[in-house]
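Worksheet for the structure shown next.
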Amino acid sequence: MSTAVFPGSFDPPTFGHLNVIERASRLFDKLDVIISVNPDKKCLFSAEERYEMLAALTRKYDTVEVHIWNSLVADYCRKSGAKVLIRGVRNAVDFSHEFDLSLMNKHLNRDVETLLIPTEQKYFLVRSSSIKEAARFGGDVSTMVPKLVEAALKEKFFSGAK
């Protein structure tokens with residue numbers, strides 16, 4: 001059984017993330033979507049909130065499971081037996097960053113290979129930080145995130161629950 005891992009902060013989950021998940025789920029028998037918890041990164045949504053959103057958004061894929069992980073992704077791969085890390089890229093800047101990460105992950109776990117999947121062109125501009133900024137100021141993010149995420153953003157920014 002071939003298992004791949006798609007790690008990320010997913011803060012919040014975007015259509016770009018879902019595009020990569022959908023495409024990767026067709027390539028592997030099992031895809032573990034890993035919500036990486038980095039204590040140095042300030043996230044808008046808690047790991048549990050991101051988990052709930054991603055679990056709901058990926059429910060239609062029988063082979064996709066969502067997990068929260070607070071250690072090295074290379075260690076998750078070792079623990080789960082996964083041999084492939086999936087990373088989405090939008091541009092040359094993403095490629096450069098992901099290339100460097102792939103070298104680090106290979107150093108940490110010799111058995112893991114990184115597969116870079118370019119997002120579809122319509123998602124090139126979809127960036128979680130830009131989405132949060134637009135949502136914070138009442139901008140329309142409906143073409144960048146699913147309705148469930150759009151509602152969660154509005155709840156965060158306009159209910160006083162920051």
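Just so we're on the same page: first chain in the structure tokens is A, next is B, and so on; residues restart at 1 for each chain, and ligands are numbered from 1 in the order they show up.
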Exercise. Any idea what's packed within 12 Å of stretch 53-66 of chain A, counting only C-alpha atoms, ignoring anything in its chain fewer than 6 positions away? Could you give it as a PyMOL selection string?
Worked result: chain A and resi 1-15+17-36+45-47+145-153
Problem set entry | Neighbour list for stretch 71-77 of chain A as number ranges by chain, cut-off 6 Å, only C-alpha atoms, skip fewer than 4 positions in-chain | A: 81-82, 105, 109
Problem set entry | Spatial neighbours of A:Ala135, max dist 8 Å, only C-alpha atoms, sep filter under 6 positions, as a VMD selection string | chain A and resid 141 153 to 154 157
Deliver the residues from the most recent selection as a file, using C-alpha atoms, as a compact mmCIF listing (two decimals), in the first residue's frame.
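Below is the file that was written, result09.txt:
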```txt
# COMPACT_ATOMS: atom_id res chain seq x y z
CA VAL A 141 -12.45 35.54 -0.13
CA LEU A 153 -12.87 33.53 9.06
CA LYS A 154 -15.87 35.83 9.51
CA PHE A 157 -12.69 38.49 12.73
```
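Interatomic distance, atom CA of A:Thr119 against atom CA of A:Arg87: 9.7 Å.
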All helix (DSSP H, G or I) residues (DSSP, backbone) inside chain A, as a PDB file with N, CA and C atoms, in the first residue's frame:
```
ATOM      1  N   PHE A  15      -8.589  26.653  -1.354  1.00  0.00           N
ATOM      2  CA  PHE A  15      -8.869  25.856  -2.551  1.00  0.00           C
ATOM      3  C   PHE A  15      -7.579  25.301  -3.142  1.00  0.00           C
ATOM      4  N   GLY A  16      -6.459  26.019  -2.993  1.00  0.00           N
ATOM      5  CA  GLY A  16      -5.170  25.511  -3.456  1.00  0.00           C
ATOM      6  C   GLY A  16      -4.771  24.247  -2.715  1.00  0.00           C
ATOM      7  N   HIS A  17      -4.946  24.244  -1.396  1.00  0.00           N
ATOM      8  CA  HIS A  17      -4.661  23.034  -0.606  1.00  0.00           C
ATOM      9  C   HIS A  17      -5.543  21.880  -1.067  1.00  0.00           C
ATOM     10  N   LEU A  18      -6.824  22.161  -1.229  1.00  0.00           N
ATOM     11  CA  LEU A  18      -7.768  21.113  -1.624  1.00  0.00           C
ATOM     12  C   LEU A  18      -7.466  20.578  -3.017  1.00  0.00           C
ATOM     13  N   ASN A  19      -6.971  21.447  -3.900  1.00  0.00           N
ATOM     14  CA  ASN A  19      -6.577  21.023  -5.237  1.00  0.00           C
ATOM     15  C   ASN A  19      -5.441  20.010  -5.155  1.00  0.00           C
ATOM     16  N   VAL A  20      -4.450  20.287  -4.331  1.00  0.00           N
ATOM     17  CA  VAL A  20      -3.331  19.366  -4.172  1.00  0.00           C
ATOM     18  C   VAL A  20      -3.804  18.069  -3.515  1.00  0.00           C
ATOM     19  N   ILE A  21      -4.652  18.161  -2.518  1.00  0.00           N
ATOM     20  CA  ILE A  21      -5.180  16.965  -1.846  1.00  0.00           C
ATOM     21  C   ILE A  21      -5.935  16.084  -2.831  1.00  0.00           C
ATOM     22  N   GLU A  22      -6.798  16.684  -3.612  1.00  0.00           N
ATOM     23  CA  GLU A  22      -7.601  15.911  -4.579  1.00  0.00           C
ATOM     24  C   GLU A  22      -6.693  15.209  -5.582  1.00  0.00           C
ATOM     25  N   ARG A  23      -5.713  15.914  -6.101  1.00  0.00           N
ATOM     26  CA  ARG A  23      -4.831  15.334  -7.111  1.00  0.00           C
ATOM     27  C   ARG A  23      -3.924  14.267  -6.512  1.00  0.00           C
ATOM     28  N   ALA A  24      -3.380  14.515  -5.334  1.00  0.00           N
ATOM     29  CA  ALA A  24      -2.493  13.536  -4.690  1.00  0.00           C
ATOM     30  C   ALA A  24      -3.270  12.292  -4.273  1.00  0.00           C
ATOM     31  N   SER A  25      -4.538  12.463  -3.905  1.00  0.00           N
ATOM     32  CA  SER A  25      -5.337  11.312  -3.468  1.00  0.00           C
ATOM     33  C   SER A  25      -5.552  10.316  -4.609  1.00  0.00           C
ATOM     34  N   ALA A  47      -5.019  24.197  16.153  1.00  0.00           N
ATOM     35  CA  ALA A  47      -4.825  22.945  15.423  1.00  0.00           C
ATOM     36  C   ALA A  47      -6.131  22.158  15.339  1.00  0.00           C
ATOM     37  N   GLU A  48      -6.908  22.195  16.413  1.00  0.00           N
ATOM     38  CA  GLU A  48      -8.178  21.462  16.437  1.00  0.00           C
ATOM     39  C   GLU A  48      -9.187  22.084  15.460  1.00  0.00           C
ATOM     40  N   GLU A  49      -9.216  23.408  15.374  1.00  0.00           N
ATOM     41  CA  GLU A  49     -10.120  24.071  14.418  1.00  0.00           C
ATOM     42  C   GLU A  49      -9.720  23.738  12.980  1.00  0.00           C
ATOM     43  N   ARG A  50      -8.428  23.757  12.707  1.00  0.00           N
ATOM     44  CA  ARG A  50      -7.948  23.411  11.368  1.00  0.00           C
ATOM     45  C   ARG A  50      -8.267  21.951  11.056  1.00  0.00           C
ATOM     46  N   TYR A  51      -8.113  21.090  12.062  1.00  0.00           N
ATOM     47  CA  TYR A  51      -8.449  19.670  11.894  1.00  0.00           C
ATOM     48  C   TYR A  51      -9.923  19.520  11.516  1.00  0.00           C
ATOM     49  N   GLU A  52     -10.800  20.176  12.271  1.00  0.00           N
ATOM     50  CA  GLU A  52     -12.244  20.060  12.005  1.00  0.00           C
ATOM     51  C   GLU A  52     -12.585  20.521  10.593  1.00  0.00           C
ATOM     52  N   MET A  53     -11.984  21.657  10.163  1.00  0.00           N
ATOM     53  CA  MET A  53     -12.260  22.145   8.812  1.00  0.00           C
ATOM     54  C   MET A  53     -11.762  21.162   7.756  1.00  0.00           C
ATOM     55  N   LEU A  54     -10.522  20.708   7.889  1.00  0.00           N
ATOM     56  CA  LEU A  54      -9.968  19.794   6.891  1.00  0.00           C
ATOM     57  C   LEU A  54     -10.669  18.443   6.890  1.00  0.00           C
ATOM     58  N   ALA A  55     -11.033  17.953   8.047  1.00  0.00           N
ATOM     59  CA  ALA A  55     -11.756  16.683   8.106  1.00  0.00           C
ATOM     60  C   ALA A  55     -13.083  16.796   7.364  1.00  0.00           C
ATOM     61  N   ALA A  56     -13.786  17.887   7.560  1.00  0.00           N
ATOM     62  CA  ALA A  56     -15.062  18.096   6.852  1.00  0.00           C
ATOM     63  C   ALA A  56     -14.835  18.254   5.350  1.00  0.00           C
ATOM     64  N   LEU A  57     -13.803  18.982   4.967  1.00  0.00           N
ATOM     65  CA  LEU A  57     -13.542  19.262   3.554  1.00  0.00           C
ATOM     66  C   LEU A  57     -13.015  18.061   2.788  1.00  0.00           C
ATOM     67  N   THR A  58     -12.422  17.095   3.486  1.00  0.00           N
ATOM     68  CA  THR A  58     -11.858  15.921   2.804  1.00  0.00           C
ATOM     69  C   THR A  58     -12.686  14.659   3.022  1.00  0.00           C
ATOM     70  N   VAL A  73       8.098  16.313  10.462  1.00  0.00           N
ATOM     71  CA  VAL A  73       7.338  15.587   9.449  1.00  0.00           C
ATOM     72  C   VAL A  73       8.099  14.320   9.044  1.00  0.00           C
ATOM     73  N   ALA A  74       9.411  14.400   9.003  1.00  0.00           N
ATOM     74  CA  ALA A  74      10.216  13.223   8.680  1.00  0.00           C
ATOM     75  C   ALA A  74       9.968  12.102   9.693  1.00  0.00           C
ATOM     76  N   ASP A  75       9.747  12.464  10.943  1.00  0.00           N
ATOM     77  CA  ASP A  75       9.434  11.461  11.969  1.00  0.00           C
ATOM     78  C   ASP A  75       8.047  10.873  11.757  1.00  0.00           C
ATOM     79  N   TYR A  76       7.086  11.711  11.323  1.00  0.00           N
ATOM     80  CA  TYR A  76       5.754  11.177  11.027  1.00  0.00           C
ATOM     81  C   TYR A  76       5.856  10.138   9.915  1.00  0.00           C
ATOM     82  N   CYS A  77       6.627  10.453   8.889  1.00  0.00           N
ATOM     83  CA  CYS A  77       6.794   9.511   7.780  1.00  0.00           C
ATOM     84  C   CYS A  77       7.389   8.194   8.271  1.00  0.00           C
ATOM     85  N   ARG A  78       8.387   8.283   9.120  1.00  0.00           N
ATOM     86  CA  ARG A  78       9.018   7.079   9.673  1.00  0.00           C
ATOM     87  C   ARG A  78       7.997   6.268  10.467  1.00  0.00           C
ATOM     88  N   LYS A  79       7.246   6.956  11.326  1.00  0.00           N
ATOM     89  CA  LYS A  79       6.258   6.284  12.187  1.00  0.00           C
ATOM     90  C   LYS A  79       5.146   5.626  11.361  1.00  0.00           C
ATOM     91  N   SER A  80       4.690   6.317  10.320  1.00  0.00           N
ATOM     92  CA  SER A  80       3.565   5.813   9.528  1.00  0.00           C
ATOM     93  C   SER A  80       3.988   4.883   8.396  1.00  0.00           C
ATOM     94  N   ALA A  92       8.280  30.076  -8.361  1.00  0.00           N
ATOM     95  CA  ALA A  92       9.699  29.778  -8.150  1.00  0.00           C
ATOM     96  C   ALA A  92      10.121  29.984  -6.697  1.00  0.00           C
ATOM     97  N   VAL A  93       9.508  30.946  -6.016  1.00  0.00           N
ATOM     98  CA  VAL A  93       9.832  31.176  -4.609  1.00  0.00           C
ATOM     99  C   VAL A  93       9.429  29.952  -3.783  1.00  0.00           C
ATOM    100  N   ASP A  94       8.207  29.450  -4.017  1.00  0.00           N
ATOM    101  CA  ASP A  94       7.767  28.228  -3.338  1.00  0.00           C
ATOM    102  C   ASP A  94       8.709  27.071  -3.654  1.00  0.00           C
ATOM    103  N   PHE A  95       9.072  26.950  -4.947  1.00  0.00           N
ATOM    104  CA  PHE A  95       9.938  25.856  -5.356  1.00  0.00           C
ATOM    105  C   PHE A  95      11.258  25.892  -4.585  1.00  0.00           C
ATOM    106  N   SER A  96      11.859  27.059  -4.507  1.00  0.00           N
ATOM    107  CA  SER A  96      13.142  27.202  -3.809  1.00  0.00           C
ATOM    108  C   SER A  96      13.018  26.793  -2.344  1.00  0.00           C
ATOM    109  N   HIS A  97      11.973  27.274  -1.676  1.00  0.00           N
ATOM    110  CA  HIS A  97      11.740  26.928  -0.274  1.00  0.00           C
ATOM    111  C   HIS A  97      11.509  25.425  -0.114  1.00  0.00           C
ATOM    112  N   GLU A  98      10.659  24.865  -0.953  1.00  0.00           N
ATOM    113  CA  GLU A  98      10.328  23.440  -0.847  1.00  0.00           C
ATOM    114  C   GLU A  98      11.514  22.551  -1.208  1.00  0.00           C
ATOM    115  N   PHE A  99      12.340  23.013  -2.146  1.00  0.00           N
ATOM    116  CA  PHE A  99      13.549  22.266  -2.493  1.00  0.00           C
ATOM    117  C   PHE A  99      14.456  22.153  -1.275  1.00  0.00           C
ATOM    118  N   ASP A 100      14.661  23.279  -0.584  1.00  0.00           N
ATOM    119  CA  ASP A 100      15.486  23.267   0.623  1.00  0.00           C
ATOM    120  C   ASP A 100      14.897  22.346   1.689  1.00  0.00           C
ATOM    121  N   LEU A 101      13.579  22.414   1.881  1.00  0.00           N
ATOM    122  CA  LEU A 101      12.925  21.531   2.863  1.00  0.00           C
ATOM    123  C   LEU A 101      13.077  20.063   2.479  1.00  0.00           C
ATOM    124  N   SER A 102      13.010  19.779   1.188  1.00  0.00           N
ATOM    125  CA  SER A 102      13.133  18.383   0.747  1.00  0.00           C
ATOM    126  C   SER A 102      14.518  17.835   1.090  1.00  0.00           C
ATOM    127  N   LEU A 103      15.538  18.670   0.961  1.00  0.00           N
ATOM    128  CA  LEU A 103      16.891  18.237   1.318  1.00  0.00           C
ATOM    129  C   LEU A 103      16.998  17.972   2.818  1.00  0.00           C
ATOM    130  N   MET A 104      16.388  18.846   3.611  1.00  0.00           N
ATOM    131  CA  MET A 104      16.406  18.653   5.063  1.00  0.00           C
ATOM    132  C   MET A 104      15.656  17.377   5.441  1.00  0.00           C
ATOM    133  N   ASN A 105      14.469  17.178   4.852  1.00  0.00           N
ATOM    134  CA  ASN A 105      13.694  15.972   5.174  1.00  0.00           C
ATOM    135  C   ASN A 105      14.425  14.702   4.744  1.00  0.00           C
ATOM    136  N   LYS A 106      15.130  14.755   3.624  1.00  0.00           N
ATOM    137  CA  LYS A 106      15.908  13.593   3.170  1.00  0.00           C
ATOM    138  C   LYS A 106      17.048  13.322   4.151  1.00  0.00           C
ATOM    139  N   HIS A 107      17.644  14.375   4.674  1.00  0.00           N
ATOM    140  CA  HIS A 107      18.701  14.221   5.679  1.00  0.00           C
ATOM    141  C   HIS A 107      18.139  13.584   6.958  1.00  0.00           C
ATOM    142  N   LEU A 108      16.935  14.007   7.347  1.00  0.00           N
ATOM    143  CA  LEU A 108      16.323  13.512   8.586  1.00  0.00           C
ATOM    144  C   LEU A 108      15.738  12.107   8.435  1.00  0.00           C
ATOM    145  N   GLN A 121      -3.274  26.692 -12.193  1.00  0.00           N
ATOM    146  CA  GLN A 121      -3.001  28.111 -12.397  1.00  0.00           C
ATOM    147  C   GLN A 121      -3.997  29.024 -11.677  1.00  0.00           C
ATOM    148  N   LYS A 122      -5.233  28.628 -11.614  1.00  0.00           N
ATOM    149  CA  LYS A 122      -6.231  29.487 -10.975  1.00  0.00           C
ATOM    150  C   LYS A 122      -5.997  29.653  -9.471  1.00  0.00           C
ATOM    151  N   TYR A 123      -5.096  28.834  -8.891  1.00  0.00           N
ATOM    152  CA  TYR A 123      -4.808  28.930  -7.462  1.00  0.00           C
ATOM    153  C   TYR A 123      -3.433  29.538  -7.177  1.00  0.00           C
ATOM    154  N   SER A 128      -2.501  31.695   2.145  1.00  0.00           N
ATOM    155  CA  SER A 128      -3.226  31.785   3.414  1.00  0.00           C
ATOM    156  C   SER A 128      -3.061  33.148   4.091  1.00  0.00           C
ATOM    157  N   SER A 129      -1.843  33.687   4.088  1.00  0.00           N
ATOM    158  CA  SER A 129      -1.627  34.977   4.755  1.00  0.00           C
ATOM    159  C   SER A 129      -2.414  36.096   4.073  1.00  0.00           C
ATOM    160  N   SER A 130      -2.480  36.078   2.749  1.00  0.00           N
ATOM    161  CA  SER A 130      -3.254  37.094   2.020  1.00  0.00           C
ATOM    162  C   SER A 130      -4.749  36.935   2.260  1.00  0.00           C
ATOM    163  N   ILE A 131      -5.187  35.705   2.346  1.00  0.00           N
ATOM    164  CA  ILE A 131      -6.602  35.428   2.600  1.00  0.00           C
ATOM    165  C   ILE A 131      -6.997  35.964   3.976  1.00  0.00           C
ATOM    166  N   LYS A 132      -6.168  35.706   4.975  1.00  0.00           N
ATOM    167  CA  LYS A 132      -6.466  36.206   6.330  1.00  0.00           C
ATOM    168  C   LYS A 132      -6.505  37.727   6.352  1.00  0.00           C
ATOM    169  N   GLU A 133      -5.578  38.355   5.652  1.00  0.00           N
ATOM    170  CA  GLU A 133      -5.558  39.822   5.620  1.00  0.00           C
ATOM    171  C   GLU A 133      -6.809  40.364   4.933  1.00  0.00           C
ATOM    172  N   ALA A 134      -7.175  39.793   3.801  1.00  0.00           N
ATOM    173  CA  ALA A 134      -8.375  40.248   3.096  1.00  0.00           C
ATOM    174  C   ALA A 134      -9.620  40.042   3.957  1.00  0.00           C
ATOM    175  N   ALA A 135      -9.721  38.887   4.585  1.00  0.00           N
ATOM    176  CA  ALA A 135     -10.890  38.582   5.423  1.00  0.00           C
ATOM    177  C   ALA A 135     -10.958  39.525   6.629  1.00  0.00           C
ATOM    178  N   ARG A 136      -9.820  39.838   7.211  1.00  0.00           N
ATOM    179  CA  ARG A 136      -9.756  40.731   8.374  1.00  0.00           C
ATOM    180  C   ARG A 136     -10.391  42.088   8.063  1.00  0.00           C
ATOM    181  N   LYS A 147     -16.811  27.659   1.543  1.00  0.00           N
ATOM    182  CA  LYS A 147     -17.772  28.400   2.380  1.00  0.00           C
ATOM    183  C   LYS A 147     -17.552  28.146   3.868  1.00  0.00           C
ATOM    184  N   LEU A 148     -17.266  26.923   4.227  1.00  0.00           N
ATOM    185  CA  LEU A 148     -17.012  26.556   5.618  1.00  0.00           C
ATOM    186  C   LEU A 148     -15.859  27.388   6.197  1.00  0.00           C
ATOM    187  N   VAL A 149     -14.809  27.569   5.435  1.00  0.00           N
ATOM    188  CA  VAL A 149     -13.647  28.340   5.869  1.00  0.00           C
ATOM    189  C   VAL A 149     -13.972  29.827   5.875  1.00  0.00           C
ATOM    190  N   GLU A 150     -14.691  30.274   4.861  1.00  0.00           N
ATOM    191  CA  GLU A 150     -15.101  31.678   4.809  1.00  0.00           C
ATOM    192  C   GLU A 150     -15.919  32.048   6.048  1.00  0.00           C
ATOM    193  N   ALA A 151     -16.832  31.170   6.433  1.00  0.00           N
ATOM    194  CA  ALA A 151     -17.650  31.415   7.626  1.00  0.00           C
ATOM    195  C   ALA A 151     -16.788  31.433   8.892  1.00  0.00           C
ATOM    196  N   ALA A 152     -15.804  30.539   8.961  1.00  0.00           N
ATOM    197  CA  ALA A 152     -14.915  30.495  10.125  1.00  0.00           C
ATOM    198  C   ALA A 152     -14.068  31.771  10.218  1.00  0.00           C
ATOM    199  N   LEU A 153     -13.634  32.285   9.076  1.00  0.00           N
ATOM    200  CA  LEU A 153     -12.870  33.534   9.059  1.00  0.00           C
ATOM    201  C   LEU A 153     -13.732  34.692   9.552  1.00  0.00           C
ATOM    202  N   LYS A 154     -14.959  34.765   9.075  1.00  0.00           N
ATOM    203  CA  LYS A 154     -15.866  35.831   9.512  1.00  0.00           C
ATOM    204  C   LYS A 154     -16.127  35.730  11.006  1.00  0.00           C
ATOM    205  N   GLU A 155     -16.265  34.522  11.490  1.00  0.00           N
ATOM    206  CA  GLU A 155     -16.486  34.304  12.926  1.00  0.00           C
ATOM    207  C   GLU A 155     -15.283  34.802  13.733  1.00  0.00           C
ATOM    208  N   LYS A 156     -14.071  34.487  13.250  1.00  0.00           N
ATOM    209  CA  LYS A 156     -12.862  34.915  13.953  1.00  0.00           C
ATOM    210  C   LYS A 156     -12.732  36.435  13.991  1.00  0.00           C
ATOM    211  N   PHE A 157     -12.967  37.066  12.841  1.00  0.00           N
ATOM    212  CA  PHE A 157     -12.693  38.487  12.727  1.00  0.00           C
ATOM    213  C   PHE A 157     -13.844  39.408  13.167  1.00  0.00           C
ATOM    214  N   PHE A 158     -15.059  38.903  13.088  1.00  0.00           N
ATOM    215  CA  PHE A 158     -16.185  39.809  13.343  1.00  0.00           C
ATOM    216  C   PHE A 158     -17.064  39.415  14.518  1.00  0.00           C
TER     217      PHE A 158
END
```
For this session: Mind checking which residues fall within 7 Å of A:Glu113, counting only C-alpha atoms, ignoring those fewer than 3 positions away in the same chain, and posting them as a VMD selection string?
Result: chain A and resid 83 to 85 106
For this session: Could you find all residues in chain A that DSSP calls strand (DSSP E or B) from the backbone, and write them as number ranges by chain?
Result: A: 3-8, 30-36, 64-69, 84-89, 113-118
